[in-house]
Every structure is written in structure tokens, then in C-alpha cells.
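Below is one structure, written out as C-alpha cells, with a few remarks after it.
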Number of protein chains: 2
Amino acid sequence: MGKVVAAMSISVDGYVGASDPEQWFAVHNRVHNWVFGLAAWRERQGMDGGEDTISSELVGDEFANTGAYVMGRTMFNFGEEPWGEQPPFRAPVFVVTHRARQPLHRTGTSFTFVTEGLESAVKQATEAAAGRDVFLSGGAGIVQQAIAAGLLDELHLHQAPVLLGTGVRLWDHIGPDWKELTPIRITPGDGVTHLYYQFVR
Amino acid sequence: MGKVVAAMSISVDGYVGASDPEQWFAVHNRVHNWVFGLAAWRERQGMDGGEDTISSELVGDEFANTGAYVMGRTMFNFGEEPWGEQPPFRAPVFVVTHRARQPLHRTGTSFTFVTEGLESAVKQATEAAAGRDVFLSGGAGIVQQAIAAGLLDELHLHQAPVLLGTGVRLWDHIGPDWKELTPIRITPGDGVTHLYYQFVR
């Protein structure tokens, strides 16, 4: 069976986004700018070229290992238009939401709207992934819930070398119980540090 | 001239201590337990043996490169008794405090109490270090002030592989301005991940 993996781009001080909407794009771009030039990421967006680095290899591995995605509704709402007719997932995506909606079929990607909560979404994604990994790519709320509920096997932190000082923290609402981790891959990248941790069960 | 370095043992979710006093020892031990068995650390406490690992080498380098220390009064208060007649610093230590006190001379280590604030303590420590590094080892408040005031050249994070969920955050009160960092050493250790960052000036 595949693993349940959450991956987040995050500042050294633990922020994954802006709490001030006017800062949204600036912060989003700062924590993600390590990825935009990578060959593996560009290929997924239908673009040629890009850098063929260790970071590109890791991102390519994440894509290749993933059989299904789980995301929050805010992330879906932001992405629905820009992702267009050929979204970069090329796999079933399960969107956790309070509002029922018919499945959406795009080229290579389907979106299923799950109103029974995160655990159900992860279960459905696990079935759809057929032995490959289930990948949670955000937002923060979904990943926090998954950590608190003990649903994750691995956490992939792509750490952008910056202190932002303020914003949306990944580490809120994860529950007061200690969760021991095992480092499985610690890799310096170009403009990013890849910290892969496994949850000790 | 030497560098101004802050080093902290920190959980993956950014905690360096407990906010609940009853949890103080448990959290302190959990974030620091990677260090207690290292040969370089034991040698400084006057003990033989220990593990001669890459982590021990890094800790030994930190000791060897340091010409003077700066610490907060809370840390001094906790340490004064257990450090005893031969404290592990073997260098001048400058304690930032509101209460004036005569310097304290121990074997190999002196404690000077600075009432003019952190910046003055760092300046005095820089002179005393005579070309070697100034080392801030905590607590969190001193390191936060140093980050906010732009006093640091390097930040050494010794990341313990655990999510604590609650506690004293290192990343509060560091100011809203973005501070760009350059990774200078990313090293997996044994039960710890060493993340060394340089501040971009």
C-alpha cells in the first residue's frame, strides 16, 4: 500500500502563507519560488526547459509516486481557473469541502468533492491511488488536520531560506501530543532545503 | 573579525522550550537529548567518553570557534548552580539583565552582567572574543531580540525530529521584515538535523 504524504513549502520560521490578503501573492511566491524554475515542475505545467537539479528530481519523484491527491477547498478555489482544462495533477483529486458538487472531469485529472471530512477523503484517495501514494499539498488547514488526526506517514518540508516574521503558521492546531519523527531524507537544494520526515507509529 | 552566531535546539514545529513550567524538564530534555551523549559536549562538562559523530564534531567546532558568550538572565539563573565552579564555557560570558551585579569569576569562565541591553552585551562580547565568534545560546528572548535587531551573522538550528504542538516558540517577536538567509551547512546528524543559515546583509 502507498503512503499518505503531506508536502509544504515553508519558511524557516514556519509560515506557509500570508494572513494579510494583500501579502498573499508576495508570500506565496517567496516560499514557492524554488520550484518555478525546475524542469520537473515545468513539465507538469506543460512547459519546456527548466533546471535539472536535485530539487527537480525530488519534485519529479513526488509526482511519479503519487496516485491520488487530497486538497482543501480554498486551494481548489484558487486553482480551478488557472489550472484550466489540463490541470497539473494527472490523477484523481479529492477536495474536502462542506458544499456538495458533482465531480469535475478535466483532461487527465478528476476532482471529486468530499463532504464527509478529511478522513473519508484520504480513504477514497487511498483506494483511487491503487497502491501508489496519497499526496496532500495543502492548504495549511488540511495538513494540520491530518497531523492532528495521525493520518500521515510522511511530511515533506521544502524549506525556503527566509524568516517572514508573520503569516499563516503550518504548526498551529496540530494537537498537544508529541509526535516523534524520523528523518528519511535531508537534502540541500538550490534556494531550498528539503526535509523529509516519517511519522513514528 | 569573528561572527555573531546564535544556536538553538528546536523542534521541527519551532519550539525551544515549554510554556507550562511542569513540562519544562521534559521539553528541555527532548529538544536537547541529541547533545548529551556527544564526546565534544561531555568533554566540556568534564566527562569522559561519548559518541564521536558528525554532531559531536559540529558541537566541538562551535566550542572551538567561540571567544565569548552572550546569554539571557533566565538561562544564567537556571545554570548558575548546576554549572558549579568550572562552568562549561571556558570564556567570558555576558549576561543581559536589568539588575546590576559584580562580575563573577569561575575557573576558566567569567560572568559579566550587562544592564545596558543586548546590543551593548554583543559589543562587549565582540571585544572580549578578540577575533573569534560571539555565541548566543539563548534563551529564546535573547535570540529573538538579536534577530529583530539584525545583530546576527549566523543561525545554527539543531532540529530535533519531533512535533511538540505547544511551547515557547523561537519565531515570535522577530519583527515583520523579511530576513533572507543563505544555507551554509545542512547536515543530517544522529537524532538531530543541523541547519546552519547565514543572514544576507
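In the C-alpha cells, chains take letters A, B, ... by order of appearance, with residues numbered from 1 within each chain and ligands from 1 in the order shown.
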
Which residues in chain B does DSSP call strand (DSSP E or B)? List them as an mmCIF file with N, CA and C atoms, in the first residue's frame.
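Writing the result to states.cif gives the following:
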data_model
loop_
_atom_site.group_PDB
_atom_site.id
_atom_site.type_symbol
_atom_site.label_atom_id
_atom_site.label_comp_id
_atom_site.auth_asym_id
_atom_site.auth_seq_id
_atom_site.Cartn_x
_atom_site.Cartn_y
_atom_site.Cartn_z
ATOM 1 N N VAL B 4 28.834 36.782 14.781
ATOM 2 C CA VAL B 4 27.868 36.673 15.870
ATOM 3 C C VAL B 4 26.904 35.545 15.504
ATOM 4 N N VAL B 5 26.935 34.485 16.302
ATOM 5 C CA VAL B 5 26.212 33.255 15.989
ATOM 6 C C VAL B 5 25.191 32.978 17.092
ATOM 7 N N ALA B 6 23.968 32.646 16.681
ATOM 8 C CA ALA B 6 23.003 32.122 17.655
ATOM 9 C C ALA B 6 22.744 30.666 17.328
ATOM 10 N N ALA B 7 22.713 29.827 18.341
ATOM 11 C CA ALA B 7 22.450 28.406 18.136
ATOM 12 C C ALA B 7 21.343 27.968 19.075
ATOM 13 N N MET B 8 20.399 27.227 18.535
ATOM 14 C CA MET B 8 19.289 26.762 19.357
ATOM 15 C C MET B 8 18.928 25.331 18.998
ATOM 16 N N SER B 9 18.623 24.543 20.008
ATOM 17 C CA SER B 9 17.985 23.251 19.801
ATOM 18 C C SER B 9 16.488 23.500 19.714
ATOM 19 N N ILE B 10 15.852 22.962 18.683
ATOM 20 C CA ILE B 10 14.487 23.369 18.361
ATOM 21 C C ILE B 10 13.732 22.184 17.760
ATOM 22 N N SER B 11 12.457 22.084 18.079
ATOM 23 C CA SER B 11 11.650 21.029 17.468
ATOM 24 C C SER B 11 11.320 21.400 16.023
ATOM 25 N N TYR B 15 9.536 24.914 18.456
ATOM 26 C CA TYR B 15 9.543 25.163 19.897
ATOM 27 C C TYR B 15 10.921 24.900 20.501
ATOM 28 N N VAL B 16 11.316 25.776 21.413
ATOM 29 C CA VAL B 16 12.614 25.644 22.066
ATOM 30 C C VAL B 16 12.473 25.382 23.559
ATOM 31 N N GLY B 17 11.248 25.377 24.057
ATOM 32 C CA GLY B 17 11.028 25.129 25.473
ATOM 33 C C GLY B 17 9.546 24.989 25.752
ATOM 34 N N LEU B 38 27.201 13.227 23.216
ATOM 35 C CA LEU B 38 28.304 13.539 22.292
ATOM 36 C C LEU B 38 29.623 13.736 23.048
ATOM 37 N N GLU B 51 29.943 9.749 22.184
ATOM 38 C CA GLU B 51 29.957 9.396 20.764
ATOM 39 C C GLU B 51 30.758 10.417 19.960
ATOM 40 N N THR B 66 34.330 29.780 19.405
ATOM 41 C CA THR B 66 33.714 30.824 20.219
ATOM 42 C C THR B 66 34.721 31.481 21.150
ATOM 43 N N GLY B 67 34.728 32.823 21.120
ATOM 44 C CA GLY B 67 35.615 33.575 22.003
ATOM 45 C C GLY B 67 34.892 34.199 23.175
ATOM 46 N N ALA B 68 33.583 34.331 23.075
ATOM 47 C CA ALA B 68 32.787 34.901 24.167
ATOM 48 C C ALA B 68 31.326 34.534 23.960
ATOM 49 N N TYR B 69 30.584 34.502 25.071
ATOM 50 C CA TYR B 69 29.173 34.131 25.038
ATOM 51 C C TYR B 69 28.298 35.300 25.487
ATOM 52 N N VAL B 70 27.052 35.301 24.945
ATOM 53 C CA VAL B 70 26.022 36.203 25.445
ATOM 54 C C VAL B 70 24.825 35.338 25.814
ATOM 55 N N MET B 71 24.259 35.588 26.992
ATOM 56 C CA MET B 71 23.052 34.830 27.352
ATOM 57 C C MET B 71 22.078 35.715 28.106
ATOM 58 N N GLY B 72 20.828 35.253 28.176
ATOM 59 C CA GLY B 72 19.804 35.951 28.940
ATOM 60 C C GLY B 72 19.897 35.603 30.411
ATOM 61 N N PRO B 92 34.762 34.359 28.429
ATOM 62 C CA PRO B 92 33.921 35.388 29.057
ATOM 63 C C PRO B 92 32.468 35.239 28.625
ATOM 64 N N VAL B 93 31.564 35.357 29.590
ATOM 65 C CA VAL B 93 30.122 35.291 29.317
ATOM 66 C C VAL B 93 29.504 36.625 29.716
ATOM 67 N N PHE B 94 28.672 37.179 28.841
ATOM 68 C CA PHE B 94 27.998 38.441 29.121
ATOM 69 C C PHE B 94 26.507 38.162 29.280
ATOM 70 N N VAL B 95 26.001 38.462 30.492
ATOM 71 C CA VAL B 95 24.614 38.144 30.836
ATOM 72 C C VAL B 95 23.789 39.430 30.751
ATOM 73 N N VAL B 96 22.756 39.406 29.889
ATOM 74 C CA VAL B 96 21.887 40.580 29.733
ATOM 75 C C VAL B 96 20.841 40.547 30.844
ATOM 76 N N LEU B 104 31.406 37.806 38.105
ATOM 77 C CA LEU B 104 31.577 36.543 38.819
ATOM 78 C C LEU B 104 32.709 35.791 38.131
ATOM 79 N N HIS B 105 33.736 35.428 38.903
ATOM 80 C CA HIS B 105 34.873 34.740 38.292
ATOM 81 C C HIS B 105 34.899 33.277 38.715
ATOM 82 N N ARG B 106 34.793 32.415 37.737
ATOM 83 C CA ARG B 106 34.877 30.972 37.979
ATOM 84 C C ARG B 106 36.116 30.462 37.240
ATOM 85 N N THR B 109 36.021 30.648 33.326
ATOM 86 C CA THR B 109 34.841 31.377 32.826
ATOM 87 C C THR B 109 34.570 32.582 33.711
ATOM 88 N N SER B 110 34.278 33.737 33.101
ATOM 89 C CA SER B 110 33.822 34.898 33.874
ATOM 90 C C SER B 110 32.417 35.271 33.418
ATOM 91 N N PHE B 111 31.612 35.754 34.351
ATOM 92 C CA PHE B 111 30.270 36.243 34.020
ATOM 93 C C PHE B 111 30.227 37.747 34.284
ATOM 94 N N THR B 112 29.918 38.525 33.248
ATOM 95 C CA THR B 112 29.771 39.973 33.367
ATOM 96 C C THR B 112 28.304 40.320 33.145
ATOM 97 N N PHE B 113 27.729 41.092 34.062
ATOM 98 C CA PHE B 113 26.305 41.401 33.998
ATOM 99 C C PHE B 113 26.115 42.754 33.333
ATOM 100 N N VAL B 114 25.405 42.741 32.199
ATOM 101 C CA VAL B 114 25.265 43.925 31.349
ATOM 102 C C VAL B 114 23.857 44.464 31.497
ATOM 103 N N ASP B 133 34.395 34.000 17.453
ATOM 104 C CA ASP B 133 32.956 34.244 17.362
ATOM 105 C C ASP B 133 32.331 34.602 18.706
ATOM 106 N N VAL B 134 31.235 35.357 18.610
ATOM 107 C CA VAL B 134 30.360 35.584 19.761
ATOM 108 C C VAL B 134 29.185 34.631 19.620
ATOM 109 N N PHE B 135 28.856 33.960 20.680
ATOM 110 C CA PHE B 135 27.894 32.868 20.625
ATOM 111 C C PHE B 135 26.711 33.146 21.554
ATOM 112 N N LEU B 136 25.516 33.254 20.975
ATOM 113 C CA LEU B 136 24.290 33.405 21.765
ATOM 114 C C LEU B 136 23.638 32.036 21.861
ATOM 115 N N GLU B 154 24.952 34.491 11.816
ATOM 116 C CA GLU B 154 24.546 33.108 11.533
ATOM 117 C C GLU B 154 23.560 32.608 12.583
ATOM 118 N N LEU B 155 22.731 31.669 12.113
ATOM 119 C CA LEU B 155 21.768 30.995 12.964
ATOM 120 C C LEU B 155 22.004 29.497 12.795
ATOM 121 N N HIS B 156 22.319 28.817 13.891
ATOM 122 C CA HIS B 156 22.528 27.370 13.846
ATOM 123 C C HIS B 156 21.333 26.695 14.508
ATOM 124 N N LEU B 157 20.519 26.027 13.720
ATOM 125 C CA LEU B 157 19.365 25.317 14.267
ATOM 126 C C LEU B 157 19.692 23.834 14.366
ATOM 127 N N HIS B 158 19.598 23.322 15.582
ATOM 128 C CA HIS B 158 19.767 21.883 15.800
ATOM 129 C C HIS B 158 18.350 21.329 15.969
ATOM 130 N N GLN B 159 17.822 20.777 14.876
ATOM 131 C CA GLN B 159 16.399 20.449 14.821
ATOM 132 C C GLN B 159 16.143 19.019 15.312
ATOM 133 N N ALA B 160 15.433 18.941 16.436
ATOM 134 C CA ALA B 160 15.064 17.635 16.987
ATOM 135 C C ALA B 160 13.846 17.109 16.232
ATOM 136 N N VAL B 162 10.826 16.013 16.108
ATOM 137 C CA VAL B 162 9.599 15.819 16.882
ATOM 138 C C VAL B 162 8.704 17.041 16.658
ATOM 139 N N LEU B 163 7.399 16.804 16.642
ATOM 140 C CA LEU B 163 6.421 17.895 16.699
ATOM 141 C C LEU B 163 5.905 17.952 18.128
ATOM 142 N N VAL B 168 7.238 27.222 23.953
ATOM 143 C CA VAL B 168 7.825 28.536 23.701
ATOM 144 C C VAL B 168 8.371 28.533 22.278
ATOM 145 N N ARG B 169 7.827 29.410 21.451
ATOM 146 C CA ARG B 169 8.247 29.477 20.055
ATOM 147 C C ARG B 169 9.490 30.351 19.930
ATOM 148 N N LYS B 179 13.659 38.444 6.420
ATOM 149 C CA LYS B 179 15.109 38.330 6.564
ATOM 150 C C LYS B 179 15.576 37.153 5.720
ATOM 151 N N GLU B 180 16.279 37.457 4.650
ATOM 152 C CA GLU B 180 16.747 36.414 3.744
ATOM 153 C C GLU B 180 17.953 35.705 4.341
ATOM 154 N N LEU B 181 17.992 34.405 4.141
ATOM 155 C CA LEU B 181 19.067 33.576 4.683
ATOM 156 C C LEU B 181 19.757 32.822 3.543
ATOM 157 N N THR B 182 20.975 32.401 3.792
ATOM 158 C CA THR B 182 21.682 31.504 2.883
ATOM 159 C C THR B 182 22.056 30.244 3.666
ATOM 160 N N PRO B 183 21.651 29.072 3.167
ATOM 161 C CA PRO B 183 22.065 27.850 3.865
ATOM 162 C C PRO B 183 23.570 27.693 3.722
ATOM 163 N N ILE B 184 24.291 27.534 4.834
ATOM 164 C CA ILE B 184 25.735 27.340 4.727
ATOM 165 C C ILE B 184 26.149 25.927 5.111
ATOM 166 N N ARG B 185 25.262 25.223 5.828
ATOM 167 C CA ARG B 185 25.563 23.829 6.158
ATOM 168 C C ARG B 185 24.264 23.128 6.537
ATOM 169 N N ILE B 186 23.904 22.105 5.784
ATOM 170 C CA ILE B 186 22.698 21.304 6.058
ATOM 171 C C ILE B 186 23.199 19.885 6.274
ATOM 172 N N THR B 187 23.141 19.409 7.501
ATOM 173 C CA THR B 187 23.788 18.141 7.833
ATOM 174 C C THR B 187 22.881 17.247 8.667
ATOM 175 N N PRO B 188 22.544 16.060 8.156
ATOM 176 C CA PRO B 188 21.810 15.117 8.991
ATOM 177 C C PRO B 188 22.720 14.584 10.091
ATOM 178 N N THR B 193 18.868 17.204 13.121
ATOM 179 C CA THR B 193 19.237 17.737 11.811
ATOM 180 C C THR B 193 19.859 19.108 12.027
ATOM 181 N N HIS B 194 21.082 19.290 11.538
ATOM 182 C CA HIS B 194 21.785 20.558 11.733
ATOM 183 C C HIS B 194 21.528 21.465 10.534
ATOM 184 N N LEU B 195 20.887 22.607 10.779
ATOM 185 C CA LEU B 195 20.563 23.576 9.725
ATOM 186 C C LEU B 195 21.260 24.882 10.052
ATOM 187 N N TYR B 196 22.330 25.186 9.318
ATOM 188 C CA TYR B 196 23.099 26.401 9.584
ATOM 189 C C TYR B 196 22.778 27.413 8.488
ATOM 190 N N TYR B 197 22.297 28.571 8.896
ATOM 191 C CA TYR B 197 21.938 29.629 7.959
ATOM 192 C C TYR B 197 22.712 30.892 8.258
ATOM 193 N N GLN B 198 23.053 31.596 7.188
ATOM 194 C CA GLN B 198 23.727 32.890 7.286
ATOM 195 C C GLN B 198 22.726 33.975 6.918
ATOM 196 N N PHE B 199 22.746 35.083 7.624
ATOM 197 C CA PHE B 199 21.872 36.201 7.263
ATOM 198 C C PHE B 199 22.450 36.956 6.077
#

Quiz item: What does the C-alpha RMSD come to when chain B is least-squares superposed onto chain A, all C-alpha atoms paired in sequence order?
Solution: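 The C-alpha RMSD comes to 0.0 Å.
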
Exercise. If you run DSSP over the backbone, which residues in range 95-188 of chain A end up alpha helix (DSSP H)? Put them as a PyMOL selection string.
Key: chain A and resi 118-129+140-148

Quiz prompt | A:Gly189, A:Gly150, A:Gly175, A:Gly131 ranked by distance to chain B, top pick (using only C-alpha atoms) | solution =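 Nearest candidate to chain B out of A:Gly189, A:Gly150, A:Gly175, A:Gly131: A:Gly175.
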
Nearby residues (only C-alpha atoms) at most 12 Å from Gly49 in chain B, same-chain spacing under 5 positions excluded, as a PDB file with N, CA and C atoms, in the first residue's frame:
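Result saved to selection_30.pdb:
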ATOM      1  N   PHE B  36      23.480  15.223  24.597  1.00  0.00           N
ATOM      2  CA  PHE B  36      24.016  14.743  25.881  1.00  0.00           C
ATOM      3  C   PHE B  36      25.024  13.603  25.736  1.00  0.00           C
ATOM      4  N   GLY B  37      24.926  12.828  24.668  1.00  0.00           N
ATOM      5  CA  GLY B  37      25.836  11.700  24.512  1.00  0.00           C
ATOM      6  C   GLY B  37      27.072  11.987  23.676  1.00  0.00           C
ATOM      7  N   LEU B  38      27.201  13.227  23.216  1.00  0.00           N
ATOM      8  CA  LEU B  38      28.304  13.539  22.292  1.00  0.00           C
ATOM      9  C   LEU B  38      29.623  13.736  23.048  1.00  0.00           C
ATOM     10  N   ALA B  39      30.702  13.203  22.482  1.00  0.00           N
ATOM     11  CA  ALA B  39      32.022  13.315  23.106  1.00  0.00           C
ATOM     12  C   ALA B  39      32.393  14.777  23.353  1.00  0.00           C
ATOM     13  N   ALA B  40      32.161  15.644  22.358  1.00  0.00           N
ATOM     14  CA  ALA B  40      32.566  17.056  22.483  1.00  0.00           C
ATOM     15  C   ALA B  40      31.793  17.745  23.608  1.00  0.00           C
ATOM     16  N   TRP B  41      30.537  17.401  23.756  1.00  0.00           N
ATOM     17  CA  TRP B  41      29.725  18.016  24.800  1.00  0.00           C
ATOM     18  C   TRP B  41      30.140  17.486  26.166  1.00  0.00           C
ATOM     19  N   ARG B  42      30.347  16.160  26.248  1.00  0.00           N
ATOM     20  CA  ARG B  42      30.740  15.555  27.524  1.00  0.00           C
ATOM     21  C   ARG B  42      32.097  16.094  27.994  1.00  0.00           C
ATOM     22  N   GLU B  43      32.993  16.287  27.049  1.00  0.00           N
ATOM     23  CA  GLU B  43      34.311  16.802  27.407  1.00  0.00           C
ATOM     24  C   GLU B  43      34.182  18.160  28.097  1.00  0.00           C
ATOM     25  N   ARG B  44      33.268  18.999  27.579  1.00  0.00           N
ATOM     26  CA  ARG B  44      33.052  20.326  28.160  1.00  0.00           C
ATOM     27  C   ARG B  44      32.451  20.282  29.563  1.00  0.00           C
ATOM     28  N   SER B  56      28.970  15.556  17.069  1.00  0.00           N
ATOM     29  CA  SER B  56      29.985  15.894  18.055  1.00  0.00           C
ATOM     30  C   SER B  56      31.023  16.834  17.450  1.00  0.00           C
TER      31      SER B  56
END
